[in-house]
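*Asks:* Provided herewith: query_3.txt, compact mmCIF, C-alpha atoms and all ligand atoms.
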# COMPACT_ATOMS: atom_id res chain seq x y z
CA MET E 10 234.76 5.38 200.83
CA LYS E 11 237.73 7.71 200.42
CA SER E 12 236.71 11.27 201.31
CA ILE E 13 236.12 11.67 205.04
CA LEU E 14 235.16 14.67 207.15
CA VAL E 15 236.60 14.53 210.68
CA THR E 16 234.83 16.80 213.16
CA GLY E 17 236.82 17.61 216.29
CA GLY E 18 239.93 16.42 214.47
CA THR E 19 242.39 18.62 216.39
CA GLY E 20 241.54 16.93 219.70
CA PHE E 21 243.30 14.07 221.49
CA ILE E 22 241.53 11.13 219.83
CA GLY E 23 240.70 13.08 216.67
CA SER E 24 244.31 13.97 215.87
CA HIS E 25 245.47 10.38 216.42
CA THR E 26 242.69 9.14 214.12
CA VAL E 27 243.58 11.73 211.46
CA LEU E 28 247.13 10.33 211.51
CA GLU E 29 245.90 6.78 210.96
CA LEU E 30 243.50 7.89 208.19
CA LEU E 31 246.34 9.61 206.32
CA LYS E 32 248.52 6.51 206.67
CA LYS E 33 245.71 4.61 204.91
CA ASN E 34 245.53 7.25 202.14
CA TYR E 35 242.10 8.59 202.98
CA ARG E 36 241.36 12.09 201.65
CA ILE E 37 240.34 14.02 204.72
CA VAL E 38 239.04 17.42 205.77
CA VAL E 39 239.19 18.43 209.43
CA ILE E 40 236.91 20.89 211.20
CA ASP E 41 237.11 22.04 214.79
CA ASN E 42 235.99 25.13 216.74
CA LEU E 43 239.35 25.05 218.62
CA ARG E 44 237.52 25.64 221.91
CA ASN E 45 239.30 22.76 223.62
CA SER E 46 242.21 21.97 221.32
CA LYS E 47 244.97 23.55 219.27
CA ARG E 48 245.59 23.75 215.52
CA GLU E 49 249.18 22.81 216.35
CA SER E 50 248.14 19.18 216.79
CA LEU E 51 247.41 18.95 213.05
CA LYS E 52 250.71 20.67 212.19
CA ARG E 53 252.41 17.88 214.14
CA VAL E 54 250.43 15.27 212.16
CA GLU E 55 251.51 17.01 208.94
CA LYS E 56 255.10 16.80 210.18
CA LEU E 57 254.72 13.08 210.89
CA THR E 58 253.10 12.26 207.53
CA GLY E 59 254.40 14.91 205.14
CA ALA E 60 250.75 15.42 204.18
CA LYS E 61 248.97 18.77 204.00
CA ILE E 62 245.73 18.65 205.95
CA GLU E 63 242.75 20.77 204.88
CA PHE E 64 241.45 22.42 208.07
CA HIS E 65 238.52 24.78 208.62
CA GLN E 66 237.71 26.41 211.97
CA ILE E 67 233.99 25.68 211.96
CA ASP E 68 231.59 25.28 214.87
CA LEU E 69 228.85 22.69 214.33
CA LEU E 70 226.38 25.28 215.66
CA ASP E 71 227.23 27.42 212.62
CA LYS E 72 225.05 25.57 210.15
CA PRO E 73 225.61 27.85 207.10
CA ASP E 74 229.39 27.31 207.29
CA LEU E 75 228.85 23.59 207.67
CA PHE E 76 226.48 23.62 204.70
CA ASP E 77 229.03 25.46 202.53
CA LEU E 78 231.72 22.96 203.46
CA PHE E 79 229.57 20.05 202.27
CA ASN E 80 228.75 21.98 199.09
CA GLN E 81 232.47 22.28 198.37
CA ASN E 82 233.26 18.64 199.09
CA ASN E 83 231.94 15.27 198.08
CA PHE E 84 232.28 13.45 201.39
CA ASP E 85 231.73 9.70 201.54
CA GLY E 86 231.48 9.68 205.33
CA VAL E 87 232.01 11.51 208.60
CA ILE E 88 233.87 10.64 211.79
CA HIS E 89 232.26 12.81 214.46
CA PHE E 90 234.48 13.59 217.49
CA ALA E 91 233.48 17.22 218.10
CA GLY E 92 231.95 17.66 221.54
CA LEU E 93 232.59 18.89 225.06
CA LYS E 94 233.59 16.10 227.43
CA ALA E 95 234.35 17.37 230.94
CA VAL E 96 231.98 15.68 233.39
CA GLY E 97 232.37 18.33 236.11
CA GLU E 98 231.84 21.22 233.68
CA SER E 99 228.72 19.51 232.30
CA VAL E 100 227.20 19.50 235.80
CA GLU E 101 227.88 23.24 236.18
CA LYS E 102 226.83 24.18 232.61
CA PRO E 103 224.28 21.62 231.34
CA LEU E 104 222.79 23.93 228.69
CA LEU E 105 226.23 24.48 227.18
CA TYR E 106 226.64 20.71 226.86
CA TYR E 107 223.14 20.05 225.52
CA SER E 108 223.49 22.84 222.97
CA ASN E 109 227.05 22.10 221.88
CA ASN E 110 226.92 18.30 221.82
CA ILE E 111 223.30 17.55 220.88
CA SER E 112 222.34 20.55 218.71
CA GLY E 113 225.75 20.37 217.04
CA THR E 114 225.19 16.72 216.15
CA VAL E 115 221.64 17.37 214.88
CA ASN E 116 223.02 20.15 212.66
CA LEU E 117 225.68 17.82 211.32
CA CYS E 118 223.17 15.06 210.54
CA GLU E 119 220.78 17.50 208.84
CA VAL E 120 223.55 18.79 206.58
CA MET E 121 224.72 15.23 205.89
CA LEU E 122 221.16 14.19 204.99
CA HIS E 123 220.75 17.17 202.66
CA HIS E 124 223.93 16.16 200.83
CA ASN E 125 223.06 12.45 200.89
CA VAL E 126 226.09 11.61 203.05
CA LYS E 127 224.86 8.74 205.22
CA ASN E 128 227.98 7.06 206.64
CA LEU E 129 228.72 8.18 210.20
CA VAL E 130 231.12 7.01 212.92
CA PHE E 131 230.14 8.57 216.24
CA SER E 132 232.42 9.11 219.23
CA SER E 133 230.32 7.67 222.05
CA SER E 134 231.57 6.66 225.48
CA ALA E 135 231.37 4.03 228.19
CA THR E 136 229.71 6.79 230.16
CA VAL E 137 226.43 5.62 228.57
CA TYR E 138 226.62 2.62 230.94
CA GLY E 139 226.13 5.04 233.83
CA ASN E 140 227.32 3.68 237.17
CA PRO E 141 227.52 -0.01 236.26
CA ASP E 142 226.96 -2.51 239.07
CA GLN E 143 228.92 -5.17 237.22
CA SER E 144 231.68 -5.57 234.62
CA PRO E 145 232.65 -6.61 232.02
CA LEU E 146 230.13 -4.51 230.14
CA THR E 147 228.72 -5.75 226.84
CA GLU E 148 227.03 -3.59 224.21
CA ASN E 149 223.72 -4.92 225.59
CA SER E 150 224.42 -3.81 229.16
CA ALA E 151 221.95 -1.40 230.73
CA LEU E 152 222.26 2.22 229.64
CA SER E 153 221.84 5.26 231.85
CA ALA E 154 223.24 8.73 232.38
CA VAL E 155 224.75 9.93 235.67
CA ASN E 156 225.71 13.43 234.51
CA PRO E 157 224.76 15.87 231.73
CA TYR E 158 227.84 14.93 229.67
CA GLY E 159 226.79 11.28 229.76
CA GLN E 160 223.22 12.31 228.99
CA THR E 161 224.39 14.04 225.80
CA LYS E 162 226.19 10.90 224.61
CA LEU E 163 223.19 8.71 225.44
CA THR E 164 220.74 11.13 223.81
CA ILE E 165 222.84 11.32 220.65
CA GLU E 166 222.86 7.52 220.50
CA TYR E 167 219.05 7.54 220.66
CA ILE E 168 218.87 10.28 218.00
CA LEU E 169 221.09 8.25 215.66
CA LYS E 170 219.06 5.08 216.30
CA ASP E 171 215.86 6.99 215.42
CA LEU E 172 217.55 8.47 212.34
CA TYR E 173 218.39 4.97 211.15
CA ARG E 174 214.85 3.70 211.89
CA ALA E 175 213.48 6.53 209.74
CA ASP E 176 215.93 5.98 206.88
CA GLN E 177 217.73 2.66 206.63
CA ASN E 178 220.08 3.98 203.99
CA TRP E 179 222.18 5.30 206.88
CA ASN E 180 225.19 3.32 208.08
CA ILE E 181 226.14 4.38 211.59
CA ALA E 182 228.80 3.05 214.01
CA LEU E 183 228.46 4.01 217.67
CA LEU E 184 231.88 3.55 219.29
CA ARG E 185 231.83 3.43 223.11
CA TYR E 186 235.32 4.37 224.33
CA PHE E 187 236.46 3.28 227.75
CA ASN E 188 239.44 5.24 229.14
CA PRO E 189 241.65 6.62 226.35
CA VAL E 190 245.26 7.29 227.44
CA GLY E 191 248.76 7.35 226.00
CA ALA E 192 250.12 9.04 222.86
CA HIS E 193 251.63 8.32 219.46
CA LYS E 194 255.12 6.81 219.93
CA SER E 195 256.74 9.88 218.34
CA GLY E 196 255.63 12.07 221.25
CA GLU E 197 254.54 14.67 218.67
CA ILE E 198 250.84 14.44 219.57
CA GLY E 199 249.13 13.56 222.83
CA GLU E 200 246.62 14.52 225.49
CA ASP E 201 246.68 18.25 226.19
CA PRO E 202 243.95 18.99 228.77
CA THR E 203 242.96 22.58 229.47
CA GLY E 204 243.78 23.61 233.05
CA ILE E 205 244.13 21.08 235.86
CA PRO E 206 243.49 17.59 234.41
CA ASN E 207 240.35 15.78 235.57
CA ASN E 208 241.57 12.45 234.26
CA LEU E 209 244.06 10.16 235.96
CA MET E 210 246.79 9.70 233.35
CA PRO E 211 247.38 13.36 232.41
CA TYR E 212 247.36 14.20 236.13
CA ILE E 213 250.06 11.57 236.71
CA THR E 214 252.21 12.83 233.84
CA GLN E 215 251.92 16.43 235.10
CA VAL E 216 253.01 15.29 238.58
CA ALA E 217 255.90 13.41 236.96
CA VAL E 218 256.98 16.47 234.94
CA GLY E 219 256.71 18.70 238.02
CA LYS E 220 253.72 20.82 236.95
CA LEU E 221 251.63 19.37 239.81
CA ALA E 222 252.88 18.41 243.26
CA LYS E 223 251.02 15.24 244.20
CA LEU E 224 248.30 12.95 242.91
CA GLN E 225 245.15 12.46 244.95
CA VAL E 226 243.84 8.91 244.86
CA PHE E 227 240.06 9.26 245.03
CA GLY E 228 239.01 6.53 247.44
CA ASN E 229 240.66 3.31 248.58
CA ASP E 230 237.59 1.69 250.10
CA TYR E 231 236.02 0.29 246.93
CA GLU E 232 235.42 -3.46 246.76
CA THR E 233 238.41 -4.05 244.51
CA HIS E 234 241.72 -5.90 244.95
CA ASP E 235 243.41 -2.85 246.40
CA GLY E 236 240.41 -0.65 247.27
CA THR E 237 240.94 1.84 244.41
CA GLY E 238 238.74 2.32 241.34
CA ILE E 239 239.12 0.00 238.36
CA ARG E 240 238.89 1.17 234.73
CA ASP E 241 239.61 -0.15 231.23
CA TYR E 242 242.48 2.01 229.97
CA ILE E 243 242.99 1.84 226.22
CA HIS E 244 245.87 3.25 224.18
CA VAL E 245 244.73 6.14 221.99
CA VAL E 246 246.42 4.59 218.93
CA ASP E 247 244.37 1.41 219.45
CA LEU E 248 241.32 3.62 219.66
CA ALA E 249 242.28 5.36 216.41
CA THR E 250 242.69 2.11 214.49
CA GLY E 251 239.31 1.02 215.87
CA HIS E 252 237.76 3.97 214.01
CA LEU E 253 239.30 2.89 210.74
CA ARG E 254 237.94 -0.61 211.21
CA ALA E 255 234.51 0.87 211.92
CA LEU E 256 234.76 2.95 208.74
CA GLU E 257 235.60 -0.21 206.78
CA LYS E 258 232.61 -1.94 208.41
CA LEU E 259 230.25 0.75 207.10
CA LYS E 260 231.18 -0.23 203.53
CA GLU E 261 229.19 -3.44 204.16
CA ASN E 262 226.03 -1.36 204.69
CA PRO E 263 225.48 -2.81 208.17
CA GLY E 264 222.91 -0.19 209.23
CA ILE E 265 223.52 0.86 212.84
CA VAL E 266 226.25 -1.00 214.74
CA ILE E 267 227.54 -0.53 218.29
CA TYR E 268 230.99 -1.46 219.66
CA ASN E 269 232.86 -1.20 222.94
CA LEU E 270 236.41 -0.02 222.34
CA GLY E 271 238.47 -1.14 225.32
CA THR E 272 241.06 -3.77 226.20
CA GLY E 273 238.71 -5.98 228.20
CA LYS E 274 241.10 -5.65 231.17
CA GLY E 275 240.55 -3.63 234.34
CA SER E 276 243.34 -1.73 236.10
CA SER E 277 243.06 0.02 239.46
CA VAL E 278 244.40 3.48 240.21
CA LEU E 279 247.29 1.97 242.15
CA ASP E 280 247.95 -0.48 239.29
CA VAL E 281 248.32 2.53 236.95
CA ILE E 282 250.60 4.39 239.37
CA HIS E 283 252.83 1.32 239.77
CA ALA E 284 252.87 0.62 236.03
CA PHE E 285 253.86 4.22 235.35
CA GLU E 286 256.63 4.13 237.98
CA ILE E 287 258.05 0.87 236.60
CA ALA E 288 257.74 1.88 232.92
CA ASN E 289 259.42 5.25 233.42
CA GLY E 290 261.56 4.84 236.54
CA ILE E 291 259.80 7.76 238.22
CA LYS E 292 258.19 7.84 241.68
CA ILE E 293 254.69 9.33 241.69
CA PRO E 294 253.87 10.97 245.05
CA TYR E 295 250.23 10.51 245.99
CA LYS E 296 247.90 10.80 248.92
CA LEU E 297 244.66 8.99 249.65
CA ALA E 298 241.58 11.23 249.37
CA PRO E 299 237.83 10.68 249.67
CA ARG E 300 235.93 9.08 246.81
CA ARG E 301 235.03 11.43 243.91
CA PRO E 302 231.21 11.81 243.70
CA GLY E 303 229.74 9.89 240.78
CA ASP E 304 232.70 7.55 240.32
CA ALA E 305 231.94 3.91 239.65
CA ALA E 306 233.95 1.30 241.54
CA VAL E 307 234.60 -0.93 238.54
CA CYS E 308 234.09 -0.32 234.83
CA TYR E 309 235.71 -2.36 232.07
CA ALA E 310 234.64 -3.70 228.69
CA ASP E 311 233.66 -6.99 227.14
CA VAL E 312 235.37 -6.56 223.76
CA LYS E 313 234.34 -9.77 222.00
CA LYS E 314 231.96 -8.03 219.59
CA ALA E 315 234.55 -5.63 218.14
CA ALA E 316 236.96 -8.55 217.83
CA SER E 317 234.53 -10.73 215.91
CA GLU E 318 232.77 -8.07 213.80
CA LEU E 319 235.56 -5.54 213.22
CA GLY E 320 238.52 -7.88 213.48
CA TRP E 321 239.86 -5.32 215.97
CA VAL E 322 241.71 -6.08 219.22
CA ALA E 323 243.67 -3.57 221.30
CA GLU E 324 247.40 -4.23 220.89
CA TYR E 325 249.03 -1.96 223.49
CA ASN E 326 249.28 -2.82 227.19
CA LEU E 327 249.28 -0.59 230.26
CA LYS E 328 253.08 -0.32 230.27
CA ASP E 329 252.99 0.93 226.64
CA MET E 330 250.34 3.48 227.60
CA CYS E 331 252.41 4.77 230.53
CA ARG E 332 255.60 4.90 228.46
CA ASP E 333 253.98 6.76 225.56
CA ALA E 334 252.05 9.16 227.80
CA TRP E 335 255.31 10.08 229.54
CA ASN E 336 257.23 10.43 226.26
CA TRP E 337 254.64 12.94 225.03
CA GLN E 338 254.69 14.86 228.32
CA THR E 339 258.49 15.10 228.54
CA LYS E 340 258.68 16.38 224.96
CA ASN E 341 255.79 18.79 225.54
CA PRO E 342 255.88 19.93 229.20
CA SER E 343 253.27 22.59 228.39
CA GLY E 344 251.33 20.62 225.84
CA PHE E 345 250.92 22.28 222.44
CA ASN E 346 251.45 25.78 223.83
C1 LIG E 401 239.85 7.13 236.36
C2 LIG E 401 240.07 6.60 237.76
C3 LIG E 401 239.14 8.00 239.47
C4 LIG E 401 241.84 11.39 238.74
C5 LIG E 401 236.15 9.89 232.55
C6 LIG E 401 234.82 10.30 232.03
C7 LIG E 401 234.44 9.40 230.89
C8 LIG E 401 235.53 9.41 229.84
C9 LIG E 401 236.89 9.04 230.44
C10 LIG E 401 234.95 10.91 228.06
C11 LIG E 401 238.85 6.74 238.66
C12 LIG E 401 240.67 7.95 239.58
C13 LIG E 401 241.20 10.16 238.67
C14 LIG E 401 242.62 11.70 239.90
C15 LIG E 401 242.06 9.55 240.83
N1 LIG E 401 235.62 10.66 229.21
N2 LIG E 401 241.31 9.27 239.70
N3 LIG E 401 242.70 10.76 240.90
O1 LIG E 401 236.17 9.03 235.52
O2 LIG E 401 236.73 6.73 234.56
O3 LIG E 401 236.09 8.58 233.02
O4 LIG E 401 237.12 9.97 231.51
O5 LIG E 401 234.26 10.14 227.45
O6 LIG E 401 233.24 9.87 230.35
O7 LIG E 401 233.88 10.11 233.07
O8 LIG E 401 238.29 8.66 234.15
O9 LIG E 401 240.62 9.34 234.49
O10 LIG E 401 238.78 10.73 235.57
O11 LIG E 401 239.31 8.46 236.47
O12 LIG E 401 242.15 8.73 241.76
O13 LIG E 401 243.23 12.80 240.03
O14 LIG E 401 241.10 7.36 238.39
O15 LIG E 401 238.53 7.96 240.77
O16 LIG E 401 238.80 5.61 239.54
P1 LIG E 401 236.76 8.22 234.42
P2 LIG E 401 239.29 9.39 235.16
Represent the structure of the file as structure tokens.
*Replies:*
Amino acid sequence: MKSILVTGGTGFIGSHTVLELLKKNYRIVVIDNLRNSKRESLKRVEKLTGAKIEFHQIDLLDKPDLFDLFNQNNFDGVIHFAGLKAVGESVEKPLLYYSNNISGTVNLCEVMLHHNVKNLVFSSSATVYGNPDQSPLTENSALSAVNPYGQTKLTIEYILKDLYRADQNWNIALLRYFNPVGAHKSGEIGEDPTGIPNNLMPYITQVAVGKLAKLQVFGNDYETHDGTGIRDYIHVVDLATGHLRALEKLKENPGIVIYNLGTGKGSSVLDVIHAFEIANGIKIPYKLAPRRPGDAAVCYADVKKAASELGWVAEYNLKDMCRDAWNWQTKNPSGFN
């Protein structure tokens, strides 16, 4: 399996995965609608690898363009990152999310089917576990959606399971990411959120670089060791290598397989702040604020299945994540702009 289409390949996780694919000599084509990311991220990957990356600005809702692309290529498989992922925006604009994420994925699968391309790695999310009442979460933990974004990920998982039931020539890996953070050690690529960051780590790095004044800690009355929310933060490079292992797994014709991609360790908000301050020698001003609606108290992964079936274990720790996130931010105070 050498020729891979990467949808959403200019994004945070996509660009890091493209880098790892090129290092393993895959022949890749990247498409993205550039709604939430910049072409510059791929130019940085080209700089890091010396490779020339074939890129097409294609929206998955534009089926004729997608069809032409498959006609011009002989893809062995697809890694599908393309999708909107802002929880708050999904609550305000559910139809945008259902159309973009679900219809886009159905279009992709229909074009794949027509061209007999039946190897797919899908970018799912721990959000399909809803508001879990216990952790660690295994791949058999209860599934639910607590917002339209999460509903799109859950619905796409069901669509792909039905697709496999209907045609068992498909090989599909559903990868449930926990909290991706950090950046490639070069600082050339990293997380470049549009507007004010929703997520903790980019908010911290923007406070540290002086773009934002102070971090708000959403709630310190959770039943955790320090009262703040616990998550499973995973380095984006670990996440990228997890995709390559999943791609390798599909060569065994496993049918549909599901994996949590996390570290198996939980860190609280204050743990992250302290780790960042120690790793980078920078004080992060913060103030306690009310809980954010919809937030779970504790959410972290059981990662035994990916370890045993993919031979994949996250290698980077929280200090690495904080160091690399800061390195990216200092080298790119305004992201890719
Ligand atoms: C982490 C912790 C917050 C910001 C989200 C999506 C999920 C996935 C990853 C796509 C929580 C606290 C945060 C801040 C804070 N995305 N926090 N102050 O909510 O676990 O997951 O991103 O798949 O689908 O839901 O990540 O980084 O927003 O929050 O105190 O300014 O940091 O309360 O405890 P989350 P997050």
*Asks:* Counting all atoms listed in the file, what residues are within 8 Å of ligand LIG 401 (chain E), given as a PDB file with C-alpha atoms, keeping the file's coordinate frame?
*Replies:*
ATOM      1  CA  LYS E  94     233.590  16.100 227.430  1.00  0.00           C
ATOM      2  CA  ALA E  95     234.350  17.370 230.940  1.00  0.00           C
ATOM      3  CA  VAL E  96     231.980  15.680 233.390  1.00  0.00           C
ATOM      4  CA  SER E 133     230.320   7.670 222.050  1.00  0.00           C
ATOM      5  CA  SER E 134     231.570   6.660 225.480  1.00  0.00           C
ATOM      6  CA  ALA E 135     231.370   4.030 228.190  1.00  0.00           C
ATOM      7  CA  THR E 136     229.710   6.790 230.160  1.00  0.00           C
ATOM      8  CA  TYR E 158     227.840  14.930 229.670  1.00  0.00           C
ATOM      9  CA  GLY E 159     226.790  11.280 229.760  1.00  0.00           C
ATOM     10  CA  TYR E 186     235.320   4.370 224.330  1.00  0.00           C
ATOM     11  CA  PHE E 187     236.460   3.280 227.750  1.00  0.00           C
ATOM     12  CA  ASN E 188     239.440   5.240 229.140  1.00  0.00           C
ATOM     13  CA  PRO E 189     241.650   6.620 226.350  1.00  0.00           C
ATOM     14  CA  PRO E 206     243.490  17.590 234.410  1.00  0.00           C
ATOM     15  CA  ASN E 207     240.350  15.780 235.570  1.00  0.00           C
ATOM     16  CA  ASN E 208     241.570  12.450 234.260  1.00  0.00           C
ATOM     17  CA  LEU E 209     244.060  10.160 235.960  1.00  0.00           C
ATOM     18  CA  MET E 210     246.790   9.700 233.350  1.00  0.00           C
ATOM     19  CA  TYR E 212     247.360  14.200 236.130  1.00  0.00           C
ATOM     20  CA  ILE E 213     250.060  11.570 236.710  1.00  0.00           C
ATOM     21  CA  LEU E 224     248.300  12.950 242.910  1.00  0.00           C
ATOM     22  CA  GLN E 225     245.150  12.460 244.950  1.00  0.00           C
ATOM     23  CA  VAL E 226     243.840   8.910 244.860  1.00  0.00           C
ATOM     24  CA  PHE E 227     240.060   9.260 245.030  1.00  0.00           C
ATOM     25  CA  GLY E 228     239.010   6.530 247.440  1.00  0.00           C
ATOM     26  CA  THR E 237     240.940   1.840 244.410  1.00  0.00           C
ATOM     27  CA  GLY E 238     238.740   2.320 241.340  1.00  0.00           C
ATOM     28  CA  ILE E 239     239.120   0.000 238.360  1.00  0.00           C
ATOM     29  CA  ARG E 240     238.890   1.170 234.730  1.00  0.00           C
ATOM     30  CA  SER E 277     243.060   0.020 239.460  1.00  0.00           C
ATOM     31  CA  VAL E 278     244.400   3.480 240.210  1.00  0.00           C
ATOM     32  CA  ARG E 300     235.930   9.080 246.810  1.00  0.00           C
ATOM     33  CA  ARG E 301     235.030  11.430 243.910  1.00  0.00           C
ATOM     34  CA  ASP E 304     232.700   7.550 240.320  1.00  0.00           C
ATOM     35  CA  ALA E 305     231.940   3.910 239.650  1.00  0.00           C
ATOM     36  CA  ALA E 306     233.950   1.300 241.540  1.00  0.00           C
ATOM     37  CA  VAL E 307     234.600  -0.930 238.540  1.00  0.00           C
ATOM     38  CA  CYS E 308     234.090  -0.320 234.830  1.00  0.00           C
TER      39      CYS E 308
END
*Asks:* Can you tell me which residues surround E:Leu31 at a distance of at most 10 Å, considering all atoms listed in the file, apart from same-chain residues fewer than 2 positions away, and format the answer as a short mmCIF file (atom, residue, chain, number, x, y, z; two decimals) with C-alpha atoms, in the coordinates of the input?
*Replies:*
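Final output, saved to selection_18.cif:
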data_model
loop_
_atom_site.label_atom_id
_atom_site.label_comp_id
_atom_site.auth_asym_id
_atom_site.auth_seq_id
_atom_site.Cartn_x
_atom_site.Cartn_y
_atom_site.Cartn_z
CA THR E 26 242.69 9.14 214.12
CA VAL E 27 243.58 11.73 211.46
CA LEU E 28 247.13 10.33 211.51
CA GLU E 29 245.90 6.78 210.96
CA LYS E 33 245.71 4.61 204.91
CA ASN E 34 245.53 7.25 202.14
CA TYR E 35 242.10 8.59 202.98
CA ARG E 36 241.36 12.09 201.65
CA ILE E 37 240.34 14.02 204.72
CA VAL E 54 250.43 15.27 212.16
CA GLU E 55 251.51 17.01 208.94
CA THR E 58 253.10 12.26 207.53
CA GLY E 59 254.40 14.91 205.14
CA ALA E 60 250.75 15.42 204.18
CA LYS E 61 248.97 18.77 204.00
CA ILE E 62 245.73 18.65 205.95
#
*Asks:* Enter the distance from atom CA of E:Arg254 to atom CA of E:Gly18, in Å, rounded to one decimal.
*Replies:* 17.5 Å
*Asks:* List the neighbours of E:Val266 out to 10 Å using all atoms listed in the file; skip same-chain residues closer than 3 positions along the sequence, and give me the result as a list in words.
*Replies:*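 Neighbouring residues, sequence-local ones excluded: Val130, Glu148, Lys170, Asn180, Ile181, Ala182, Leu183, Leu184, Ala255, Lys258, Leu259, Pro263 and Glu318 of chain E.
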*Asks:* Hey, can I get the axis-aligned box for stretch 52-60 of chain E? All listed atoms, 5 Å padding on each side, centre and edge lengths in Å to one decimal, as JSON.
*Replies:*
{"center_x": 252.8, "center_y": 16.5, "center_z": 209.2, "size_x": 14.7, "size_y": 18.4, "size_z": 20.0}
*Asks:* Considering all atoms listed in the file, state which residue in the set E:Gly199, E:Gly303, E:Gly86, E:Gly139 is at the smallest distance from E:Met10.
*Replies:* E:Gly86
*Asks:* Check the smallest atom-to-atom distance from each of E:Cys118, E:Cys331, E:Val155, E:Val137 to E:Asn269 using all atoms listed in the file, then report the winner.
*Replies:*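 Nearest to E:Asn269: E:Val137.
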*Asks:* How many Å lie between atom CA of E:Lys340 and atom CA of E:Ile205, rounded to one decimal?
*Replies:*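 Interatomic distance here is 18.8 Å.
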*Asks:* Which residue out of E:Ala154, E:Asp247, E:Lys274, E:Met330 has the minimum interatomic distance to E:Gly191 when all atoms listed in the file are used?
*Replies:* E:Met330
*Asks:* Compare E:Lys32, E:His89, E:Lys220, E:Lys292 by their minimum atom-to-atom distance to E:Leu69, counting only C-alpha atoms, and give me the closest one.
*Replies:*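 Using only C-alpha atoms, the shortest distance to E:Leu69 belongs to E:His89.
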*Asks:* Between E:Arg174, E:His25, E:His234, E:Lys102, which one has atoms that come closest to E:Arg53, using all atoms listed in the file?
*Replies:*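 Of E:Arg174, E:His25, E:His234, E:Lys102, the one nearest E:Arg53, counting all atoms listed in the file, is E:His25.
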*Asks:* Quick one: residues within 12 Å of E:Asp71, only C-alpha atoms counted, chain neighbours fewer than 6 positions away excluded, as an MDAnalysis selection string?
*Replies:* chainID E and resid 40:42 77:78 108:109 112:117 120
*Asks:* My list of candidates is E:Asn45, E:Thr147, E:Gln66, E:Asn156. Which is closest to E:Val100 when distances are computed with all atoms listed in the file?
*Replies:*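 Smallest separation from E:Val100 among the options: E:Asn156.
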*Asks:* So that I can see what lies close to E:Ser46, please list as a VMD selection string the residues with an atom at most 9 Å from it, counting only C-alpha atoms and leaving out residues fewer than 4 positions away in the same chain.
*Replies:* chain E and resid 17 19 to 21 41 to 42 50 201 to 203 345
*Asks:* Pull C-alpha atoms from the residues just selected and write them as an mmCIF file, in the frame of the given file.
*Replies:*
data_model
loop_
_atom_site.group_PDB
_atom_site.id
_atom_site.type_symbol
_atom_site.label_atom_id
_atom_site.label_comp_id
_atom_site.auth_asym_id
_atom_site.auth_seq_id
_atom_site.Cartn_x
_atom_site.Cartn_y
_atom_site.Cartn_z
ATOM 1 C CA GLY E 17 236.820 17.610 216.290
ATOM 2 C CA THR E 19 242.390 18.620 216.390
ATOM 3 C CA GLY E 20 241.540 16.930 219.700
ATOM 4 C CA PHE E 21 243.300 14.070 221.490
ATOM 5 C CA ASP E 41 237.110 22.040 214.790
ATOM 6 C CA ASN E 42 235.990 25.130 216.740
ATOM 7 C CA SER E 50 248.140 19.180 216.790
ATOM 8 C CA ASP E 201 246.680 18.250 226.190
ATOM 9 C CA PRO E 202 243.950 18.990 228.770
ATOM 10 C CA THR E 203 242.960 22.580 229.470
ATOM 11 C CA PHE E 345 250.920 22.280 222.440
#
*Asks:* Tell me, as a PyMOL selection string, which residues lie within 7 Å of E:Leu146, counting all atoms listed in the file; anything in the same chain fewer than 4 positions away does not count.
*Replies:* chain E and resi 150+309-311
*Asks:* So what do you get for atom CA of E:Gly219 versus atom CA of E:Glu101, distance-wise?
*Replies:*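 So the answer is 29.2 Å.
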*Asks:* Dig up all the protein and nucleic acid residues within 12 Å of (252.1, 11.8, 247.4) in the file frame, using only C-alpha atoms, and format them as a PyMOL selection string.
*Replies:* chain E and resi 213+216-217+221-226+282+292-298
